[in-house]
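Input: a single structure, listed below in structure tokens.
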Amino acid sequence: RLRGRGGAGRGCGVRGRGRGHRVCPQRRPAPRREDLLGGGGGGGGCAVAKPAAPVAQAQTNPSLERDPETNVHVIRWRVDAATLESKDTSAMSGPITVKFLSDRVFKIIITPVTQGDSRGRRNFRSNGVGKVQLKCLDTDGPDNEQLNVEFRAAVNNDGSEEGIRPARDEDPIRNDLKVYGVTGLGANDQWDFRSCVRDQCFFVRVEVKPVMPTD
């Protein structure tokens, strides 16, 4: 019969041999928390990598077209779908220069809204429903230039006018950018951004037209 001398080999199939005995892999001490986090002091701990959260790519600059007959400027912005997996509370396009009487720089802003049980968690990850706004970055132009504009917007998967709001048979939104700096639709006009994703992106389309102020 084989007799263990150190009493350390029970239950793992390895005989005990007193001091310096082998340790069964199943009985190794549990790793310390600081070692798992890489903070064991001697550098011997192995860091545990956390799963990387989806990172939105750098937002592309929007494109611009102008209809010479109607003087409507069409701005299209391609948005990376990874934006909708972030905890950001808004996303902004790159700048686009639109020529009214003088050059004006605009950016499109999309913002998630709070709905239902998402109270207090207004970010894209918790709620992919949101609104669209157009911001003018330089409202201090020539004093004789008006910044009254008509505004429409759409969100879809190809940048077309599908789903444009207000509809073509309805009056567009009018706003004075010199006063507000930002224009958009009403609070109830919201889009489900996730439903518009195709090929890892979706498009925001904004139509803006300078108009004379109404009395």
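FYI, nothing fancy with the structure tokens labels: chains A, B, ... in order, residues from 1 per chain, ligands from 1 as they appear.
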
Surrounding residues of segment 65-73 of chain A excluding itself and chain neighbours under 6 positions, 9 Å, only C-alpha atoms, as a PyMOL selection string: chain A and resi 98+150+206-210

Distance query Val155 of chain A at most 9 Å, only C-alpha atoms, self and fewer than 6 positions along chain excluded, as JSON, numbers by chain: {"A": [132, 161, 162, 163, 164, 191, 192, 193, 196, 202, 203, 204, 205, 206]}

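Separating atom CA of Thr139 of chain A from atom CA of Asp171 of chain A is a distance of 24.4 Å.
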
Top pick for closest residue to Pro62 of chain A, considering A:Leu134, A:Glu85, A:Ile96, A:Val74 and counting only C-alpha atoms: A:Ile96

Counting only C-alpha atoms, the option among A:Ser90, A:Leu84, A:Leu177, A:Trp77 closest to Asn156 of chain A: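 Counting only C-alpha atoms, the residue closest to Asn156 of chain A is A:Trp77.
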
All residues 9 Å or closer to Lys178 of chain A, only C-alpha atoms, same chain fewer than 2 positions away omitted, as an NGL selection string: :A and (136 or 138-140 or 146-148 or 175-176 or 180-182)

Distance criterion (only C-alpha atoms): nearest to Asn188 of chain A out of A:Lys135, A:Lys87, A:Arg165, A:Arg122: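 The answer is A:Arg165, which sits nearest to Asn188 of chain A.
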
Test item, alpha helix (DSSP H) assignment across segment 84-184 of chain A, answer as a ChimeraX atom specification: /A:177-180

Generate the output file for the selected residues, N, CA and C atoms, as a compact mmCIF listing (two decimals), in the first residue's frame.
```txt
# COMPACT_ATOMS: atom_id res chain seq x y z
N LEU A 177 -34.05 81.66 -38.01
CA LEU A 177 -32.81 81.15 -37.42
C LEU A 177 -32.01 82.24 -36.72
N LYS A 178 -32.26 83.49 -37.05
CA LYS A 178 -31.56 84.56 -36.34
C LYS A 178 -32.03 84.66 -34.90
N VAL A 179 -33.25 84.22 -34.65
CA VAL A 179 -33.79 84.27 -33.30
C VAL A 179 -33.49 82.99 -32.54
N TYR A 180 -33.73 81.85 -33.19
CA TYR A 180 -33.64 80.57 -32.48
C TYR A 180 -32.34 79.81 -32.76
```

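Proximity to Ser86 of chain A was assessed for A:Arg152, A:Phe124, A:Lys99, A:Arg104 counting only C-alpha atoms; the smallest distance is recorded for A:Phe124.
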
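The closest residue to Val197 of chain A, picked from A:Pro166, A:Pro213, A:Gly159, A:Gly184 and counting only C-alpha atoms, is A:Gly159.
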
Backbone DSSP call of strand (DSSP E) for segment 69-171 of chain A, listed as a PyMOL selection string: chain A and resi 72-80+91-92+96-99+103-112+129-136+148-156

Exercise: Gln190 of chain A partners within 7 Å, only C-alpha atoms, chain neighbours under 6 positions left out, as a list in words: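 Counting only C-alpha atoms, the residues come to Val129, Gly130 and Lys131 of chain A.
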
For the selection you just gave me, I'd like the residues written to a file as a JSON list (two decimals), in the first residue's frame, keeping all heavy atoms.
```json
[["chain", "number", "residue", "atom", "x", "y", "z"],
["A", 129, "VAL", "N", -35.62, 55.93, -30.74],
["A", 129, "VAL", "CA", -36.59, 56.85, -31.32],
["A", 129, "VAL", "C", -36.14, 58.28, -31.01],
["A", 129, "VAL", "O", -35.74, 58.57, -29.88],
["A", 129, "VAL", "CB", -38.00, 56.60, -30.76],
["A", 129, "VAL", "CG1", -38.99, 57.64, -31.27],
["A", 129, "VAL", "CG2", -38.46, 55.20, -31.11],
["A", 130, "GLY", "N", -36.20, 59.16, -32.00],
["A", 130, "GLY", "CA", -35.73, 60.51, -31.73],
["A", 130, "GLY", "C", -36.23, 61.53, -32.74],
["A", 130, "GLY", "O", -37.08, 61.24, -33.58],
["A", 131, "LYS", "N", -35.67, 62.72, -32.63],
["A", 131, "LYS", "CA", -36.10, 63.84, -33.47],
["A", 131, "LYS", "C", -34.91, 64.38, -34.26],
["A", 131, "LYS", "O", -33.75, 64.06, -33.97],
["A", 131, "LYS", "CB", -36.70, 64.95, -32.61],
["A", 131, "LYS", "CG", -35.76, 65.51, -31.55],
["A", 131, "LYS", "CD", -36.47, 66.53, -30.67],
["A", 131, "LYS", "CE", -35.51, 67.09, -29.61],
["A", 131, "LYS", "NZ", -36.17, 68.09, -28.75]]
```

Counting only C-alpha atoms, the residue of A:Thr183, A:Asp169, A:Ser93, A:Ser160 that sits nearest Asp80 of chain A: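 Of A:Thr183, A:Asp169, A:Ser93, A:Ser160, the one nearest Asp80 of chain A, counting only C-alpha atoms, is A:Ser93.
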